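Quick look at my_file-v6.cif (mmCIF, C-alpha atoms):
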data_data
loop_
_atom_site.label_atom_id
_atom_site.label_comp_id
_atom_site.auth_asym_id
_atom_site.auth_seq_id
_atom_site.Cartn_x
_atom_site.Cartn_y
_atom_site.Cartn_z
CA MET A 1 -23.35 72.43 -5.07
CA ILE A 2 -20.07 71.34 -3.51
CA ILE A 3 -19.71 67.88 -1.99
CA LEU A 4 -16.61 66.57 -0.25
CA LYS A 5 -16.55 62.90 0.67
CA ASN A 6 -13.98 61.23 2.90
CA ILE A 7 -11.25 63.74 2.03
CA TYR A 8 -7.71 62.93 3.16
CA TYR A 9 -4.65 65.10 2.61
CA GLN A 10 -1.12 65.05 3.96
CA TYR A 11 1.98 67.22 3.47
CA ASP A 12 5.11 65.03 3.44
CA SER A 13 4.30 62.75 6.36
CA LYS A 14 2.00 65.11 8.29
CA VAL A 15 -1.73 64.46 8.02
CA VAL A 16 -3.61 67.74 7.56
CA LEU A 17 -7.11 66.60 6.65
CA ASN A 18 -8.67 63.29 7.61
CA ASP A 19 -12.08 61.87 6.75
CA ILE A 20 -13.66 65.20 5.83
CA HIS A 21 -17.30 65.07 4.75
CA LEU A 22 -18.87 68.36 3.75
CA SER A 23 -21.55 69.72 1.48
CA ILE A 24 -22.07 73.37 0.60
CA LYS A 25 -25.26 74.61 -1.04
CA GLN A 26 -25.76 77.72 -3.14
CA LYS A 27 -26.04 80.94 -1.09
CA GLU A 28 -25.12 79.15 2.17
CA ARG A 29 -23.06 81.11 4.72
CA ILE A 30 -20.53 78.88 6.44
CA VAL A 31 -17.88 79.74 9.00
CA ILE A 32 -14.98 77.39 9.78
CA LEU A 33 -13.34 77.54 13.21
CA GLY A 34 -10.33 75.65 14.43
CA ILE A 35 -6.98 76.01 16.11
CA ASN A 36 -3.76 76.74 14.18
CA GLY A 37 -2.60 73.94 11.91
CA CYS A 38 -5.88 72.02 11.97
CA GLY A 39 -6.21 72.21 8.17
CA LYS A 40 -8.55 75.14 7.52
CA THR A 41 -6.41 76.71 4.77
CA THR A 42 -5.74 73.32 3.16
CA LEU A 43 -9.49 72.68 3.06
CA LEU A 44 -10.05 76.00 1.28
CA LYS A 45 -7.27 75.22 -1.21
CA ILE A 46 -8.93 71.88 -1.98
CA LEU A 47 -12.28 73.63 -2.44
CA ASN A 48 -10.59 76.04 -4.86
CA ALA A 49 -8.93 73.10 -6.70
CA LEU A 50 -5.42 74.40 -6.10
CA ILE A 51 -4.52 71.10 -4.48
CA PHE A 52 -6.30 67.79 -4.84
CA PRO A 53 -7.29 65.26 -2.17
CA GLN A 54 -5.10 62.18 -1.89
CA LYS A 55 -8.13 60.12 -0.86
CA GLY A 56 -11.84 60.78 -1.18
CA SER A 57 -13.76 62.76 -3.74
CA TYR A 58 -14.65 66.38 -4.45
CA THR A 59 -17.60 67.05 -6.71
CA TYR A 60 -18.73 70.44 -7.94
CA ASN A 61 -22.21 70.48 -9.51
CA ASP A 62 -21.95 66.70 -10.00
CA VAL A 63 -18.55 66.96 -11.73
CA LEU A 64 -15.68 65.14 -10.06
CA ILE A 65 -12.82 67.59 -9.54
CA THR A 66 -9.45 66.11 -10.44
CA GLU A 67 -6.16 67.54 -11.66
CA LYS A 68 -7.04 66.33 -15.16
CA LYS A 69 -10.51 67.85 -15.05
CA ILE A 70 -9.23 71.25 -13.95
CA ARG A 71 -6.80 71.26 -16.91
CA GLU A 72 -9.78 71.08 -19.29
CA LYS A 73 -10.06 74.60 -20.64
CA ASP A 74 -13.87 74.89 -20.72
CA PHE A 75 -14.41 73.42 -17.29
CA SER A 76 -11.53 75.38 -15.74
CA ARG A 77 -12.93 78.61 -17.18
CA ARG A 78 -16.34 77.97 -15.58
CA PHE A 79 -14.92 76.69 -12.28
CA ARG A 80 -12.39 79.50 -11.79
CA ARG A 81 -15.13 82.02 -12.47
CA GLU A 82 -17.62 80.47 -10.06
CA VAL A 83 -15.38 79.42 -7.15
CA VAL A 84 -12.94 82.07 -5.92
CA LEU A 85 -10.59 82.26 -2.95
CA LEU A 86 -9.43 85.25 -0.92
CA PHE A 87 -5.99 84.41 0.46
CA GLN A 88 -5.02 85.31 4.00
CA ASN A 89 -2.15 87.48 2.79
CA PRO A 90 -3.58 89.92 0.22
CA ASP A 91 -0.09 90.76 -1.10
CA VAL A 92 0.20 87.41 -2.88
CA MET A 93 -2.95 88.15 -4.90
CA LEU A 94 -1.80 91.46 -6.31
CA PHE A 95 0.48 91.33 -9.33
CA ASN A 96 -0.72 94.07 -11.69
CA PRO A 97 0.85 97.50 -12.18
CA THR A 98 -2.17 99.54 -11.04
CA VAL A 99 -5.31 99.10 -8.96
CA TYR A 100 -7.37 99.56 -12.16
CA ASP A 101 -5.50 96.74 -13.94
CA GLU A 102 -5.80 94.57 -10.87
CA ILE A 103 -9.62 94.72 -10.91
CA ALA A 104 -9.63 94.47 -14.71
CA PHE A 105 -7.32 91.41 -14.69
CA SER A 106 -10.09 88.80 -14.36
CA LEU A 107 -12.63 90.86 -16.33
CA ARG A 108 -10.35 91.01 -19.37
CA GLN A 109 -10.13 87.22 -19.27
CA LEU A 110 -13.91 87.09 -19.65
CA GLN A 111 -13.40 88.62 -23.09
CA LEU A 112 -15.48 91.69 -22.30
CA ASN A 113 -14.83 94.76 -24.41
CA GLU A 114 -12.69 97.47 -22.83
CA ASN A 115 -15.67 99.83 -22.22
CA GLU A 116 -17.53 97.16 -20.31
CA VAL A 117 -14.37 96.35 -18.34
CA LYS A 118 -14.01 100.04 -17.47
CA ASP A 119 -17.63 100.31 -16.32
CA ARG A 120 -17.31 97.28 -14.09
CA VAL A 121 -13.95 98.40 -12.65
CA LEU A 122 -15.38 101.82 -11.78
CA TYR A 123 -18.48 100.24 -10.21
CA TRP A 124 -16.47 97.94 -7.91
CA ALA A 125 -13.85 100.58 -7.14
CA ASN A 126 -16.63 102.95 -6.11
CA LEU A 127 -18.33 100.30 -3.95
CA PHE A 128 -15.06 99.51 -2.18
CA GLU A 129 -13.95 103.16 -1.85
CA LEU A 130 -10.94 102.63 -4.10
CA THR A 131 -11.74 105.18 -6.83
CA SER A 132 -9.03 107.61 -5.76
CA PHE A 133 -6.37 104.86 -5.90
CA LEU A 134 -7.10 103.51 -9.38
CA ASP A 135 -3.80 104.77 -10.85
CA LEU A 136 -1.68 103.70 -7.87
CA PRO A 137 0.30 100.46 -7.75
CA PRO A 138 -1.46 98.00 -5.38
CA PHE A 139 1.57 97.64 -3.10
CA LYS A 140 1.18 101.30 -2.05
CA LEU A 141 -2.19 100.62 -0.42
CA SER A 142 -2.66 99.93 3.29
CA GLY A 143 -3.43 96.40 4.54
CA GLY A 144 -7.17 97.05 4.76
CA GLN A 145 -7.28 98.66 1.30
CA LYS A 146 -5.38 95.70 -0.18
CA GLN A 147 -7.94 93.35 1.35
CA LYS A 148 -10.74 95.47 -0.14
CA LEU A 149 -9.01 95.46 -3.53
CA CYS A 150 -8.64 91.67 -3.50
CA LEU A 151 -12.33 91.32 -2.68
CA ALA A 152 -13.25 93.75 -5.44
CA CYS A 153 -11.17 91.70 -7.92
CA LEU A 154 -12.93 88.50 -6.89
CA LEU A 155 -16.46 89.88 -6.74
CA ALA A 156 -16.11 91.70 -10.07
CA ILE A 157 -16.41 88.39 -11.92
CA GLU A 158 -19.61 87.55 -10.01
CA PRO A 159 -18.67 84.19 -8.47
CA LYS A 160 -21.11 81.72 -6.92
CA PHE A 161 -18.85 80.48 -4.12
CA LEU A 162 -16.60 82.88 -2.22
CA LEU A 163 -13.96 81.26 -0.01
CA LEU A 164 -12.24 83.56 2.49
CA ASP A 165 -9.15 82.58 4.48
CA GLU A 166 -9.16 84.54 7.73
CA PRO A 167 -10.31 87.77 6.10
CA THR A 168 -10.51 89.72 9.37
CA ALA A 169 -7.00 88.75 10.53
CA ASN A 170 -5.33 91.94 9.24
CA LEU A 171 -8.27 94.30 9.56
CA ASP A 172 -9.08 96.95 12.16
CA PRO A 173 -12.49 96.69 13.91
CA LYS A 174 -14.10 99.29 11.61
CA THR A 175 -13.04 97.52 8.41
CA SER A 176 -14.00 94.15 9.93
CA GLY A 177 -17.49 95.54 10.52
CA TRP A 178 -17.63 96.79 6.93
CA LEU A 179 -16.59 93.35 5.67
CA ILE A 180 -19.24 91.59 7.77
CA ASP A 181 -21.93 93.87 6.35
CA LEU A 182 -20.68 93.28 2.82
CA LEU A 183 -20.64 89.48 3.22
CA TYR A 184 -24.11 89.60 4.74
CA ASP A 185 -25.49 91.43 1.72
CA LEU A 186 -23.88 89.15 -0.88
CA GLN A 187 -26.29 86.70 -2.45
CA ILE A 188 -23.65 84.00 -2.92
CA ALA A 189 -22.31 81.10 -0.86
CA THR A 190 -19.50 82.16 1.47
CA VAL A 191 -17.08 79.94 3.36
CA VAL A 192 -15.03 81.89 5.90
CA THR A 193 -12.26 80.57 8.12
CA THR A 194 -11.55 82.56 11.25
CA HIS A 195 -9.95 82.56 14.67
CA ASN A 196 -12.27 85.27 15.83
CA ILE A 197 -14.90 83.41 17.84
CA SER A 198 -17.00 86.46 18.64
CA LEU A 199 -17.28 87.26 14.90
CA ALA A 200 -18.28 83.71 13.96
CA PRO A 201 -22.07 84.21 14.40
CA GLU A 202 -21.87 87.29 12.16
CA LEU A 203 -19.98 85.44 9.44
CA GLY A 204 -22.21 82.40 9.05
CA GLU A 205 -25.26 80.64 10.37
CA ARG A 206 -23.65 77.25 9.85
CA LEU A 207 -20.47 76.45 11.75
CA ILE A 208 -17.87 73.82 10.98
CA VAL A 209 -15.28 73.14 13.64
CA MET A 210 -12.02 71.39 12.80
CA GLY A 211 -10.40 69.49 15.64
CA GLU A 212 -6.77 68.81 16.49
CA ASN A 213 -7.24 65.38 14.92
CA HIS A 214 -7.79 67.17 11.55
CA ARG A 215 -11.39 65.96 11.33
CA ILE A 216 -14.63 67.89 11.45
CA ILE A 217 -15.81 67.66 15.04
CA TYR A 218 -18.89 69.86 14.69
CA ASP A 219 -21.16 70.80 11.80
CA GLY A 220 -24.32 72.64 12.76
CA PRO A 221 -25.85 75.94 13.85
CA THR A 222 -23.20 78.45 14.98
CA MET A 223 -24.90 79.63 18.17
CA GLN A 224 -25.59 76.08 19.34
CA PHE A 225 -21.87 75.34 19.39
CA LEU A 226 -20.85 78.64 20.95
CA ASN A 227 -23.27 78.04 23.83
CA ASP A 228 -21.84 74.58 24.51
CA LYS A 229 -18.82 74.92 26.84
CA GLU A 230 -17.86 71.24 26.64
CA LYS A 231 -17.68 71.27 22.85
CA MET A 232 -15.70 74.52 22.84
CA LEU A 233 -13.21 72.98 25.29
CA ALA A 234 -12.89 69.81 23.21
CA ALA A 235 -12.13 71.92 20.12
CA GLY A 236 -9.41 73.83 21.99
CA LEU A 237 -11.27 77.09 21.44
CA LEU A 238 -11.94 77.67 25.13
CA HIS A 239 -9.24 77.67 27.78
CA LYS A 240 -8.57 78.50 31.39
CA HIS A 241 -5.82 80.69 32.83
CA ARG A 242 -5.39 83.15 35.70
CA HIS A 243 -6.25 86.79 35.10
CA ARG A 244 -7.32 89.92 36.94
CA HIS A 245 -10.64 91.65 37.30
CA GLY A 246 -9.71 94.85 39.15
CA ASN A 247 -7.92 93.69 42.29
CA VAL A 248 -9.33 90.17 42.16
CA GLU A 249 -7.19 87.51 40.57
CA HIS A 250 -8.98 84.33 39.56
CA SER A 251 -9.36 81.89 36.70
CA HIS A 252 -12.29 80.73 34.62
CA TYR A 253 -12.92 79.44 31.14
CA HIS A 254 -12.86 82.00 28.36
CA PHE A 255 -11.75 82.56 24.79
CA HIS A 256 -9.54 85.15 23.15
CA ASP A 257 -10.14 86.83 19.82
CA PHE A 258 -7.21 87.37 17.54
CA MET B 1 30.09 66.88 17.44
CA LYS B 2 28.73 64.32 14.96
CA ASP B 3 27.54 67.07 12.66
CA LYS B 4 30.91 68.87 12.76
CA ILE B 5 32.75 65.68 11.84
CA LEU B 6 30.32 64.97 9.02
CA LEU B 7 30.76 68.51 7.71
CA LEU B 8 34.54 68.08 7.78
CA ILE B 9 34.29 64.76 5.91
CA TYR B 10 32.00 66.43 3.37
CA LEU B 11 34.48 69.26 2.77
CA ILE B 12 37.41 66.84 2.42
CA LEU B 13 35.46 64.68 -0.06
CA LEU B 14 34.43 67.80 -1.95
CA VAL B 15 38.08 68.79 -2.45
CA PHE B 16 39.06 65.18 -3.23
CA ILE B 17 36.43 64.75 -5.97
CA SER B 18 37.25 68.18 -7.42
CA LEU B 19 40.85 67.05 -7.88
CA LEU B 20 40.03 63.73 -9.59
CA ARG B 21 41.05 63.60 -13.25
CA SER B 22 40.90 59.89 -14.03
CA LEU B 23 37.68 58.67 -15.62
CA ASP B 24 38.09 55.22 -14.02
CA VAL B 25 38.46 56.58 -10.49
CA LEU B 26 35.50 58.89 -11.04
CA LEU B 27 33.36 55.98 -12.21
CA ILE B 28 34.37 53.84 -9.21
CA SER B 29 33.65 56.68 -6.77
CA LEU B 30 30.27 57.22 -8.45
CA VAL B 31 29.36 53.57 -7.90
CA VAL B 32 30.44 53.81 -4.24
CA LEU B 33 28.42 57.00 -3.76
CA PHE B 34 25.38 55.43 -5.37
CA LEU B 35 25.60 52.38 -3.12
CA VAL B 36 25.91 54.61 -0.06
CA TYR B 37 22.88 56.55 -1.29
CA LEU B 38 20.84 53.37 -1.64
CA ILE B 39 21.91 51.80 1.66
CA LEU B 40 21.91 54.85 3.97
CA PRO B 41 18.58 55.67 5.61
CA LEU B 42 18.05 59.28 4.52
CA LYS B 43 15.16 61.51 5.51
CA ILE B 44 14.55 62.56 1.89
CA ASN B 45 12.64 61.23 -1.08
CA LYS B 46 15.49 59.43 -2.85
CA ILE B 47 13.95 59.38 -6.32
CA LYS B 48 12.97 63.06 -6.12
CA SER B 49 16.48 64.02 -4.95
CA LEU B 50 18.07 61.98 -7.73
CA LYS B 51 15.89 63.82 -10.25
CA LYS B 52 17.08 67.14 -8.78
CA VAL B 53 20.71 66.06 -9.14
CA PHE B 54 20.10 65.07 -12.76
CA PHE B 55 18.42 68.38 -13.45
CA THR B 56 21.27 70.38 -11.90
CA VAL B 57 23.90 68.48 -13.87
CA SER B 58 21.90 68.75 -17.11
CA LEU B 59 21.60 72.50 -16.60
CA PHE B 60 25.33 72.83 -15.97
CA SER B 61 26.10 70.56 -18.90
CA GLY B 62 23.77 72.48 -21.22
CA ILE B 63 25.33 75.82 -20.33
CA VAL B 64 29.01 74.96 -19.86
CA THR B 65 30.29 71.59 -21.00
CA LEU B 66 28.06 70.90 -23.99
CA PRO B 67 28.75 74.23 -25.79
CA TYR B 68 32.49 73.72 -25.12
CA PHE B 69 32.29 70.19 -26.51
CA VAL B 70 30.32 71.32 -29.60
CA ALA B 71 32.75 74.19 -30.19
CA GLY B 72 35.61 71.67 -30.07
CA PHE B 73 33.80 69.48 -32.59
CA PHE B 74 33.69 72.36 -35.11
CA MET B 75 37.30 73.24 -34.41
CA GLY B 76 38.34 69.66 -35.08
CA GLU B 77 39.28 68.94 -31.45
CA ASN B 78 38.15 65.84 -29.62
CA ARG B 79 36.78 66.90 -26.24
CA TRP B 80 34.96 63.68 -25.25
CA TYR B 81 37.24 63.06 -22.31
CA TYR B 82 36.73 66.56 -20.96
CA PHE B 83 32.97 66.24 -21.43
CA PHE B 84 32.73 63.02 -19.44
CA VAL B 85 35.16 63.96 -16.66
CA ILE B 86 33.59 67.35 -15.93
CA ASN B 87 30.01 66.07 -16.03
CA LEU B 88 30.81 63.06 -13.87
CA ARG B 89 32.62 65.25 -11.39
CA THR B 90 29.67 67.69 -11.26
CA PHE B 91 27.26 64.81 -10.82
CA GLU B 92 29.27 63.39 -7.93
CA LEU B 93 29.62 66.77 -6.22
CA ALA B 94 25.86 67.38 -6.46
CA PHE B 95 25.15 63.83 -5.29
CA LEU B 96 27.54 64.18 -2.35
CA THR B 97 25.91 67.46 -1.34
CA VAL B 98 22.43 65.90 -1.38
CA ILE B 99 23.60 62.97 0.78
CA PHE B 100 25.45 65.07 3.33
CA LEU B 101 22.88 67.85 3.56
CA SER B 102 20.27 65.28 4.53
CA LYS B 103 22.58 63.91 7.24
CA ILE B 104 24.08 67.11 8.65
CA ASN B 105 22.27 69.53 10.92
CA LEU B 106 23.96 72.70 9.64
CA PHE B 107 22.90 74.71 12.67
CA LYS B 108 24.73 72.30 14.95
CA ALA B 109 27.69 71.92 12.60
CA LEU B 110 28.32 75.66 12.50
CA ASP B 111 27.56 76.50 16.13
CA PHE B 112 31.26 77.15 16.87
CA SER B 113 30.64 80.68 15.58
CA LYS B 114 27.73 82.69 17.01
CA ASN B 115 27.70 85.07 14.03
CA LEU B 116 27.73 82.23 11.52
CA THR B 117 24.81 80.50 13.28
CA MET B 118 22.83 83.75 13.41
CA LEU B 119 23.54 84.35 9.73
CA LEU B 120 22.42 80.83 8.88
CA VAL B 121 19.21 81.18 10.92
CA LEU B 122 18.52 84.53 9.23
CA VAL B 123 19.16 83.20 5.72
CA SER B 124 17.19 79.96 6.19
CA GLY B 125 14.34 81.96 7.75
CA PHE B 126 14.20 84.18 4.68
CA VAL B 127 14.44 81.21 2.32
CA VAL B 128 11.51 79.46 4.02
CA THR B 129 9.43 82.65 4.15
CA TYR B 130 10.06 83.53 0.51
CA SER B 131 9.47 80.00 -0.76
CA LYS B 132 6.12 79.95 1.10
CA THR B 133 5.22 83.35 -0.34
CA LEU B 134 6.19 82.20 -3.83
CA LYS B 135 3.97 79.12 -3.46
CA ASP B 136 1.07 81.29 -2.28
CA PHE B 137 1.69 83.72 -5.14
CA GLN B 138 1.58 80.87 -7.68
CA ASP B 139 -1.59 79.51 -6.09
CA ALA B 140 -3.22 82.95 -6.12
CA PHE B 141 -2.25 83.46 -9.75
CA ASN B 142 -3.69 80.05 -10.72
CA SER B 143 -6.80 80.76 -8.71
CA ARG B 144 -7.37 84.09 -10.48
CA THR B 145 -6.52 82.82 -13.95
CA ILE B 146 -9.78 82.06 -15.74
CA GLU B 147 -8.34 81.66 -19.23
CA LYS B 148 -5.23 79.49 -19.32
CA LYS B 149 -4.00 81.36 -22.35
CA SER B 150 -4.10 85.13 -21.99
CA SER B 151 -6.90 86.66 -23.97
CA ASP B 152 -5.87 90.23 -23.21
CA PRO B 153 -6.87 92.12 -26.38
CA ARG B 154 -3.49 93.88 -26.48
CA ILE B 155 -1.65 90.56 -26.39
CA LYS B 156 -4.05 89.15 -29.01
CA LYS B 157 -3.38 92.15 -31.26
CA LEU B 158 0.37 91.76 -30.81
CA HIS B 159 0.10 88.04 -31.54
CA LYS B 160 -1.92 88.72 -34.72
CA LYS B 161 0.58 91.33 -35.87
CA GLY B 162 3.47 88.97 -35.20
CA CYS B 163 1.81 86.15 -37.16
CA CYS B 164 0.96 88.52 -40.01
CA PHE B 165 4.57 89.76 -40.15
CA PHE B 166 6.04 86.25 -40.31
CA LEU B 167 3.45 85.05 -42.87
CA ARG B 168 4.23 88.02 -45.11
CA LYS B 169 7.96 87.33 -44.78
CA ILE B 170 7.39 83.69 -45.76
CA GLN B 171 5.13 84.65 -48.68
CA ARG B 172 7.73 87.09 -50.02
CA ASN B 173 10.41 84.42 -49.87
CA ILE B 174 8.48 81.73 -51.76
CA PRO B 175 9.89 81.41 -55.29
CA ARG B 176 7.33 82.76 -57.80
CA ASN B 177 7.53 79.81 -60.16
CA LEU B 178 6.45 77.22 -57.55
CA PRO B 179 3.20 75.31 -58.19
CA SER B 180 0.23 76.48 -56.08
CA ASP B 181 -0.08 73.24 -54.05
CA GLU B 182 3.59 73.58 -53.05
CA VAL B 183 2.92 77.16 -51.90
CA THR B 184 -0.01 75.93 -49.75
CA ARG B 185 2.18 73.21 -48.25
CA ILE B 186 4.86 75.75 -47.26
CA LEU B 187 2.31 78.15 -45.77
CA LEU B 188 0.65 75.43 -43.72
#
Using the file provided, produce a representation of the structure as structure tokens.
Amino acid sequence: MIILKNIYYQYDSKVVLNDIHLSIKQKERIVILGINGCGKTTLLKILNALIFPQKGSYTYNDVLITEKKIREKDFSRRFRREVVLLFQNPDVMLFNPTVYDEIAFSLRQLQLNENEVKDRVLYWANLFELTSFLDLPPFKLSGGQKQKLCLACLLAIEPKFLLLDEPTANLDPKTSGWLIDLLYDLQIATVVTTHNISLAPELGERLIVMGENHRIIYDGPTMQFLNDKEKMLAAGLLHKHRHRHGNVEHSHYHFHDF
Amino acid sequence: MKDKILLLIYLILLVFISLLRSLDVLLISLVVLFLVYLILPLKINKIKSLKKVFFTVSLFSGIVTLPYFVAGFFMGENRWYYFFVINLRTFELAFLTVIFLSKINLFKALDFSKNLTMLLVLVSGFVVTYSKTLKDFQDAFNSRTIEKKSSDPRIKKLHKKGCCFFLRKIQRNIPRNLPSDEVTRILL
């Protein structure tokens, strides 16, 4: 179980996260909504122990996560295997010469023998429709295929917490649908950040909304928030501007998906 | 206009310091620069910037001045003076650049030329983008690294072979008449 208490983080002099309290249970499906720059990505990086809170505490299965703790080989090995992060830009996650090596990268670190590695790579490549690209360098894949490859790499090591930073941002509607189905079937905890309000109910039953003040302004059932116009307005997720319906020009509150 | 004047002063000082040959004058100018650095309100982390300056000068010294000084030592020439003057001058130039870069808005200072400004915007845009990508790449690599030390069987095999090769070389070079405890000491 993940528990964040009173988390505070700032870059230079800009506060990015303030007074964040959050707990994530095993197999929970959480979606994080918020406007640009509210701290969603920073929160995911803290959860993945890539950066560490300047105030407050982060505990993972009752172990306090600190820079020193994550340097401990045994703990780091367990943590990095159980908590994984899908970056928004898949290109930064791909650094191996072929798609096969990319999926095998983490598996080889688990000290599996090469036959076992091969079996697992073929299984995940088949599941993600990447079998025909196994000998290709990852940079030759399309955006959607790269995203699939990154997910295959992460899921191949069977994590317990999957953190996804705007996974649908670079995907076409068909691939987005495929991803939603995949995440729904996974029996692990998922934390997804997104701008896509209409996809939020599909991505998680529990919604966390980050406000412009870099605090959590809502933590509860997804549909309850999406049906509350006042809360959506306060979060900056709903807005009003003039637009046309046929020949009629008028304005009303609505949201856009990106 | 302020930025243009500051840039001009910076360039003049750059030429001036580059021409200094006296150790005394260099030391005095260093003290003046340091005082300016301490007094001036700069928008940078002063300790961090000072560390960067030290690192830059150490790198330069390690590659250029130190080897030249050491070479002189073996050739029987005394190059102390050269060593101090060049390193002090480099330190001051780096220091000056840090101070002025934090005070000058380069975009404003170079806006007399449209092409130059566009080039600067283009270059700084690329620098920012690439540095962000590099940071993300490092984060992604750390995030995906389960074992801190690579346990790739091929690397392990290579490591074992390397160790075996060096051990054998050492064993072959141990004089045969040495007592066994001395042999163990050498091997360990």
Could you write out as a ChimeraX atom specification the residues that the PyMOL selection byres ((chain B and resi 22-26) around 12) matches in the shown file?
-> /B:16-21,27-33,80-93
Near A:Arg215, counting only C-alpha atoms, which residues have an atom at most 8 Å away, once you skip same-chain residues fewer than 4 positions from it, shown as a PDB file with C-alpha atoms, in the coordinates of the input?
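Below is the file selection-v6.pdb, written as the result:
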ATOM      1  CA  LEU A  17      -7.110  66.600   6.650  1.00  0.00           C
ATOM      2  CA  ASN A  18      -8.670  63.290   7.610  1.00  0.00           C
ATOM      3  CA  ASP A  19     -12.080  61.870   6.750  1.00  0.00           C
ATOM      4  CA  ILE A  20     -13.660  65.200   5.830  1.00  0.00           C
ATOM      5  CA  MET A 210     -12.020  71.390  12.800  1.00  0.00           C
ATOM      6  CA  GLY A 211     -10.400  69.490  15.640  1.00  0.00           C
TER       7      GLY A 211
END
Interface list for chain A, partner chain B, 6 Å threshold, all atoms listed in the file, as a ChimeraX atom specification | /A:77,80,92-93,108-109
Stretch 240-245 of chain A surroundings by all atoms listed in the file, 9 Å radius, close-in-sequence under 6 positions cut, as a PyMOL selection string = chain A and resi 251-255
Once you count only C-alpha atoms, which residues end up no further than 8 Å from (-10.7, 96.0, -12.1) in the file's frame, shown as a PyMOL selection string?
-> chain A and resi 99-107+117-118+120-122+124-125+152-153+156
On this structure, which residues satisfy the PyMOL selection byres ((chain A and resi 22) around 6), written as number ranges by chain?
-> A: 3-4, 21, 23
A:Asp185 proximity check over A:Arg29, A:Asp172, A:Val16, A:Ile51, using only C-alpha atoms: winner is A:Arg29
